[in-house]
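Trainee: One file is attached below, protein.csv, containing CSV, C-alpha atoms.
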```csv
chain,number,residue,atom,x,y,z
L,1,MET,CA,0.0,0.0,0.0
L,2,GLY,CA,2.7,2.5,1.0
L,3,SER,CA,4.8,2.0,-2.2
L,4,GLY,CA,1.7,2.3,-4.4
L,5,ASN,CA,0.9,5.7,-2.9
L,6,PHE,CA,4.5,6.8,-3.3
L,7,LEU,CA,4.5,5.8,-7.0
L,8,GLN,CA,1.2,7.7,-7.5
L,9,VAL,CA,2.7,10.9,-5.9
L,10,VAL,CA,5.8,10.5,-8.1
L,11,ALA,CA,3.7,10.0,-11.2
L,12,LYS,CA,1.5,13.0,-10.5
L,13,ASN,CA,4.4,15.2,-9.8
L,14,PHE,CA,6.8,13.9,-12.4
L,15,ASP,CA,7.1,17.4,-14.0
L,16,VAL,CA,8.0,19.0,-10.7
L,17,LEU,CA,10.7,16.4,-10.1
L,18,ALA,CA,12.1,16.1,-13.6
L,19,LEU,CA,12.0,19.7,-14.7
L,20,PRO,CA,14.9,21.0,-12.4
L,21,LEU,CA,17.0,17.9,-13.3
L,22,VAL,CA,16.5,18.5,-17.0
L,23,THR,CA,16.7,22.3,-17.1
L,24,LEU,CA,19.3,23.0,-14.4
L,25,VAL,CA,21.2,20.0,-12.9
L,26,TYR,CA,22.3,18.3,-16.1
L,27,PRO,CA,23.0,21.5,-18.1
L,28,LEU,CA,25.1,22.8,-15.2
L,29,TYR,CA,27.1,19.6,-15.0
L,30,ALA,CA,27.6,19.5,-18.8
L,31,SER,CA,28.5,23.2,-18.8
L,32,ILE,CA,31.2,22.7,-16.2
L,33,LYS,CA,32.5,19.7,-18.1
L,34,ALA,CA,32.5,21.7,-21.4
L,35,ILE,CA,34.6,24.5,-19.7
L,36,GLU,CA,37.2,21.9,-18.8
L,37,THR,CA,37.6,20.5,-22.3
L,38,LYS,CA,39.5,22.3,-25.1
L,39,SER,CA,36.7,21.8,-27.7
L,40,PRO,CA,34.8,24.9,-28.6
L,41,THR,CA,31.9,22.7,-29.9
L,42,ASP,CA,30.5,21.8,-26.5
L,43,ASP,CA,31.1,25.3,-25.2
L,44,GLN,CA,28.9,26.7,-28.0
L,45,GLN,CA,26.3,24.0,-27.3
L,46,TRP,CA,25.9,25.0,-23.7
L,47,LEU,CA,26.1,28.7,-24.2
L,48,THR,CA,23.4,28.3,-26.8
L,49,TYR,CA,21.3,26.3,-24.3
L,50,TRP,CA,21.7,29.0,-21.6
L,51,VAL,CA,20.6,31.7,-24.0
L,52,LEU,CA,17.5,29.7,-25.0
L,53,TYR,CA,16.8,28.8,-21.4
L,54,SER,CA,17.0,32.5,-20.4
L,55,MET,CA,14.6,33.4,-23.2
L,56,LEU,CA,12.2,30.7,-22.1
L,57,THR,CA,12.3,31.9,-18.5
L,58,ILE,CA,11.6,35.5,-19.7
L,59,PHE,CA,8.7,34.2,-21.7
L,60,GLU,CA,7.4,32.3,-18.7
L,61,LEU,CA,7.7,35.2,-16.4
L,62,THR,CA,6.0,37.5,-18.9
L,63,PHE,CA,3.0,35.2,-19.6
L,64,ALA,CA,2.8,33.6,-16.2
L,65,LYS,CA,-0.9,34.3,-15.7
L,66,VAL,CA,-1.8,32.9,-19.1
L,67,LEU,CA,0.4,29.8,-18.6
L,68,GLU,CA,-1.3,29.1,-15.3
L,69,LEU,CA,-4.5,28.4,-17.2
L,70,LEU,CA,-2.8,25.8,-19.4
L,71,PRO,CA,-2.5,22.6,-17.3
L,72,ILE,CA,-0.3,21.0,-20.0
L,73,TRP,CA,2.4,23.8,-19.9
L,74,PRO,CA,4.8,22.1,-17.4
L,75,TYR,CA,4.8,18.9,-19.5
L,76,ALA,CA,5.2,20.9,-22.8
L,77,LYS,CA,8.1,22.8,-21.1
L,78,LEU,CA,9.7,19.5,-20.0
L,79,ILE,CA,9.5,18.1,-23.6
L,80,VAL,CA,10.9,21.3,-25.2
L,81,THR,CA,13.7,21.5,-22.7
L,82,CYS,CA,14.6,17.8,-23.2
L,83,TRP,CA,14.7,18.5,-26.9
L,84,LEU,CA,17.0,21.5,-26.3
L,85,VAL,CA,19.3,19.7,-23.8
L,86,LEU,CA,19.8,16.2,-25.1
L,87,PRO,CA,22.7,15.9,-27.5
L,88,HIS,CA,20.9,13.3,-29.5
L,89,PHE,CA,18.3,15.8,-30.7
L,90,ASN,CA,20.7,18.9,-30.8
L,91,GLY,CA,17.6,21.2,-30.5
L,92,ALA,CA,19.5,24.2,-29.0
L,93,ALA,CA,21.8,24.3,-32.0
L,94,HIS,CA,18.8,24.0,-34.4
L,95,VAL,CA,16.9,26.8,-32.8
L,96,TYR,CA,19.9,29.0,-32.6
L,97,ARG,CA,21.1,28.4,-36.2
L,98,ASN,CA,17.6,28.8,-37.8
L,99,PHE,CA,15.9,31.4,-35.7
L,100,ILE,CA,18.1,33.5,-33.3
L,101,ARG,CA,21.3,33.8,-35.3
L,102,PRO,CA,19.7,35.0,-38.6
L,103,PHE,CA,17.7,37.6,-36.6
L,104,TYR,CA,20.8,38.7,-34.7
L,105,MET,CA,23.1,38.8,-37.7
L,106,ASN,CA,20.7,40.7,-39.9
L,107,PRO,CA,18.7,43.1,-37.7
L,108,GLN,CA,15.7,44.5,-39.5
L,109,ALA,CA,16.4,48.1,-38.5
L,110,PRO,CA,14.8,50.7,-40.8
L,111,GLN,CA,17.4,52.4,-43.0
L,112,ILE,CA,16.2,55.8,-44.0
L,113,TRP,CA,18.3,57.2,-46.8
L,114,TYR,CA,15.8,59.5,-48.4
L,115,ILE,CA,13.2,61.7,-46.6
L,116,PRO,CA,10.6,63.0,-49.0
L,117,ARG,CA,9.9,66.7,-49.1
L,118,LYS,CA,6.5,67.8,-50.3
L,119,LYS,CA,6.0,71.4,-51.1
L,120,ASN,CA,2.2,71.2,-51.3
L,121,ILE,CA,-0.4,68.4,-51.5
L,122,PHE,CA,-1.2,69.1,-55.2
L,123,SER,CA,2.3,68.6,-56.5
L,124,LYS,CA,3.6,65.4,-58.0
L,125,PRO,CA,4.2,62.7,-55.3
L,126,ASP,CA,7.7,63.0,-53.9
L,127,ASP,CA,8.7,59.4,-53.3
L,128,VAL,CA,11.7,57.2,-53.7
L,129,LEU,CA,10.9,56.2,-57.3
L,130,THR,CA,10.6,59.8,-58.5
L,131,ALA,CA,13.8,60.7,-56.6
L,132,ALA,CA,15.6,57.8,-58.3
L,133,GLU,CA,14.2,58.8,-61.7
L,134,LYS,CA,15.3,62.4,-61.1
L,135,TYR,CA,18.8,61.2,-60.1
L,136,ILE,CA,19.1,59.1,-63.2
L,137,GLU,CA,18.0,62.0,-65.4
L,138,GLU,CA,20.6,64.3,-63.9
L,139,HIS,CA,23.5,61.9,-63.5
L,140,GLY,CA,22.8,58.9,-65.8
L,141,THR,CA,22.3,55.3,-65.1
L,142,GLU,CA,26.0,54.5,-64.6
L,143,ALA,CA,26.2,57.0,-61.7
L,144,PHE,CA,23.0,55.5,-60.2
L,145,GLU,CA,24.4,52.0,-60.4
L,146,LYS,CA,27.7,53.2,-58.8
L,147,LEU,CA,25.7,54.8,-56.0
L,148,ILE,CA,23.7,51.6,-55.3
L,149,SER,CA,26.8,49.4,-55.4
L,150,LYS,CA,28.7,51.8,-53.2
L,151,GLN,CA,25.9,51.7,-50.6
L,152,ALA,CA,25.8,47.9,-50.7
L,153,ASP,CA,29.6,47.7,-50.2
L,154,ARG,CA,29.3,50.1,-47.3
L,155,GLU,CA,26.7,47.9,-45.6
L,156,VAL,CA,28.8,44.7,-46.1
L,157,ARG,CA,31.8,46.5,-44.6
L,158,ALA,CA,29.8,47.7,-41.7
L,159,ARG,CA,28.6,44.1,-41.0
L,160,ARG,CA,32.2,42.8,-41.2
L,161,SER,CA,33.7,45.4,-39.0
L,162,SER,CA,31.1,45.3,-36.3
L,163,ASN,CA,31.6,43.2,-33.2
L,164,TYR,CA,29.5,40.2,-34.3
L,165,MET,CA,31.0,36.8,-33.9
L,166,ILE,CA,31.4,35.0,-37.2
L,167,PHE,CA,30.1,31.4,-37.1
L,168,ASP,CA,30.4,28.8,-39.8
L,169,ASP,CA,26.8,28.3,-41.1
L,170,ASP,CA,27.4,24.5,-41.4
L,171,TYR,CA,28.8,24.2,-37.9
L,172,ILE,CA,27.4,21.1,-36.2
L,173,TYR,CA,27.5,20.6,-32.5
```
Have the structure of the file written as structure tokens, please.

Mentor:
Amino acid sequence: MGSGNFLQVVAKNFDVLALPLVTLVYPLYASIKAIETKSPTDDQQWLTYWVLYSMLTIFELTFAKVLELLPIWPYAKLIVTCWLVLPHFNGAAHVYRNFIRPFYMNPQAPQIWYIPRKKNIFSKPDDVLTAAEKYIEEHGTEAFEKLISKQADREVRARRSSNYMIFDDDYIY
């Protein structure tokens, strides 16, 4: 009788028992182990995991009231965390490579290089196309192409010279 009750309690609280082991204990152990090795591969795996774990924690804190209404949330979190942590699935590397890194490496900040100036509302629309047409009429198509390529080169140089870390896109953990 006593062992049956114990097993019921463990089964009902499996998420409460397993979640700290999967999200904290094993990753802490693996991170310490990775620090002691010379391979950058495992370091990157566990840094990636901690970034994703932090984002998941922020999400959880932000939407705590909504998540309380979902009884399946602790189990879903356990499954997702197992997918991120276990080396067999390599989930942390997949999420980082396909979602976070492209967003971080190519931020979608608006680049304003032309501000239209309308003199009055009845004049011809003053937009980018009319400005480009006007530039081509005044300077020619070659000058316009040089201007565009010069701007593209400037953006490439800015990305290279910034403090972003360069990763091999085909890097596998």

Trainee: Would you kindly identify which residues have an atom no farther than 12 Å from (7.8, 23.4, -17.6), using all atoms listed in the file and the file's own coordinates, and write them out as a ChimeraX atom specification?

Mentor: /L:13-24,53,56-57,59-61,64,67-68,70-82

Trainee: Which value, in Å to one decimal, gives the distance between CA of Leu86 in chain L and CA of Val66 in chain L?

Mentor: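 Separation of CA of Leu86 in chain L and CA of Val66 in chain L: 28.0 Å.
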
Trainee: Measuring atom to atom with all atoms listed in the file, identify which of L:Leu69, L:Leu147, L:Ile58, L:Leu84 is nearest to Trp46 in chain L.

Mentor: L:Leu84

Trainee: Could you check which of L:Leu7, L:Val85, L:Met55, L:Ile100 is closest to Leu28 in chain L, using only C-alpha atoms?

Mentor: L:Val85

Trainee: Between CA of Val95 in chain L and CA of Leu47 in chain L, what distance in Å does the model show, to one decimal?

Mentor: 12.7 Å

Trainee: Between CA of Pro102 in chain L and CA of Pro27 in chain L, what distance in Å does the model show, to one decimal?

Mentor: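 It comes out at 24.8 Å.
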
Trainee: Considering only C-alpha atoms, can you say which of L:Ala143, L:Leu52, L:Ala30, L:Met105 comes closest to Trp83 in chain L?

Mentor: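 Ranking L:Ala143, L:Leu52, L:Ala30, L:Met105 by distance to Trp83 in chain L, first place goes to L:Leu52.
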
Trainee: Please write range 123-153 of chain L of the preceding block to a file containing N, CA and C atoms, as a short mmCIF file (atom, residue, chain, number, x, y, z; two decimals), in the first residue's frame?

Mentor:
```cif
data_model
loop_
_atom_site.label_atom_id
_atom_site.label_comp_id
_atom_site.auth_asym_id
_atom_site.auth_seq_id
_atom_site.Cartn_x
_atom_site.Cartn_y
_atom_site.Cartn_z
N SER L 123 1.19 68.84 -55.65
CA SER L 123 2.33 68.59 -56.52
C SER L 123 2.48 67.09 -56.77
N LYS L 124 3.37 66.76 -57.70
CA LYS L 124 3.65 65.37 -58.04
C LYS L 124 4.15 64.65 -56.78
N PRO L 125 3.76 63.42 -56.55
CA PRO L 125 4.21 62.71 -55.35
C PRO L 125 5.73 62.65 -55.30
N ASP L 126 6.27 62.95 -54.15
CA ASP L 126 7.71 62.98 -53.93
C ASP L 126 8.09 61.71 -53.17
N ASP L 127 8.35 60.65 -53.90
CA ASP L 127 8.69 59.40 -53.27
C ASP L 127 10.04 58.90 -53.76
N VAL L 128 10.41 57.71 -53.38
CA VAL L 128 11.71 57.16 -53.69
C VAL L 128 11.88 56.96 -55.19
N LEU L 129 10.83 56.46 -55.86
CA LEU L 129 10.94 56.21 -57.29
C LEU L 129 11.14 57.51 -58.08
N THR L 130 10.39 58.53 -57.74
CA THR L 130 10.58 59.79 -58.46
C THR L 130 11.95 60.38 -58.17
N ALA L 131 12.45 60.20 -56.94
CA ALA L 131 13.79 60.69 -56.61
C ALA L 131 14.85 59.92 -57.41
N ALA L 132 14.66 58.59 -57.53
CA ALA L 132 15.60 57.79 -58.31
C ALA L 132 15.56 58.20 -59.78
N GLU L 133 14.35 58.39 -60.31
CA GLU L 133 14.22 58.83 -61.71
C GLU L 133 14.90 60.18 -61.92
N LYS L 134 14.70 61.08 -60.98
CA LYS L 134 15.31 62.41 -61.08
C LYS L 134 16.84 62.30 -61.04
N TYR L 135 17.38 61.43 -60.18
CA TYR L 135 18.82 61.24 -60.08
C TYR L 135 19.38 60.67 -61.39
N ILE L 136 18.66 59.70 -61.97
CA ILE L 136 19.10 59.10 -63.22
C ILE L 136 19.08 60.13 -64.34
N GLU L 137 18.05 60.96 -64.38
CA GLU L 137 17.98 62.00 -65.41
C GLU L 137 19.15 62.99 -65.28
N GLU L 138 19.50 63.34 -64.07
CA GLU L 138 20.57 64.33 -63.85
C GLU L 138 21.97 63.74 -64.02
N HIS L 139 22.18 62.48 -63.55
CA HIS L 139 23.53 61.94 -63.50
C HIS L 139 23.76 60.73 -64.41
N GLY L 140 22.70 60.11 -64.91
CA GLY L 140 22.85 58.93 -65.76
C GLY L 140 22.73 57.64 -64.99
N THR L 141 22.50 56.55 -65.73
CA THR L 141 22.29 55.25 -65.10
C THR L 141 23.57 54.70 -64.48
N GLU L 142 24.71 54.99 -65.10
CA GLU L 142 25.97 54.48 -64.56
C GLU L 142 26.23 55.05 -63.15
N ALA L 143 25.99 56.34 -63.00
CA ALA L 143 26.19 56.97 -61.69
C ALA L 143 25.23 56.40 -60.66
N PHE L 144 24.01 56.11 -61.08
CA PHE L 144 23.01 55.53 -60.17
C PHE L 144 23.45 54.13 -59.75
N GLU L 145 23.93 53.33 -60.70
CA GLU L 145 24.40 51.98 -60.37
C GLU L 145 25.61 52.03 -59.43
N LYS L 146 26.51 52.99 -59.65
CA LYS L 146 27.66 53.15 -58.76
C LYS L 146 27.20 53.52 -57.35
N LEU L 147 26.20 54.40 -57.28
CA LEU L 147 25.68 54.81 -55.98
C LEU L 147 25.09 53.62 -55.23
N ILE L 148 24.32 52.79 -55.93
CA ILE L 148 23.70 51.61 -55.30
C ILE L 148 24.77 50.62 -54.87
N SER L 149 25.75 50.33 -55.74
CA SER L 149 26.79 49.36 -55.37
C SER L 149 27.66 49.89 -54.24
N LYS L 150 27.91 51.20 -54.22
CA LYS L 150 28.69 51.81 -53.16
C LYS L 150 27.97 51.65 -51.81
N GLN L 151 26.66 51.85 -51.81
CA GLN L 151 25.88 51.69 -50.59
C GLN L 151 25.88 50.23 -50.13
N ALA L 152 25.76 49.30 -51.08
CA ALA L 152 25.77 47.88 -50.73
C ALA L 152 27.13 47.49 -50.15
N ASP L 153 28.23 47.98 -50.75
CA ASP L 153 29.56 47.70 -50.22
C ASP L 153 29.73 48.27 -48.82
#
```
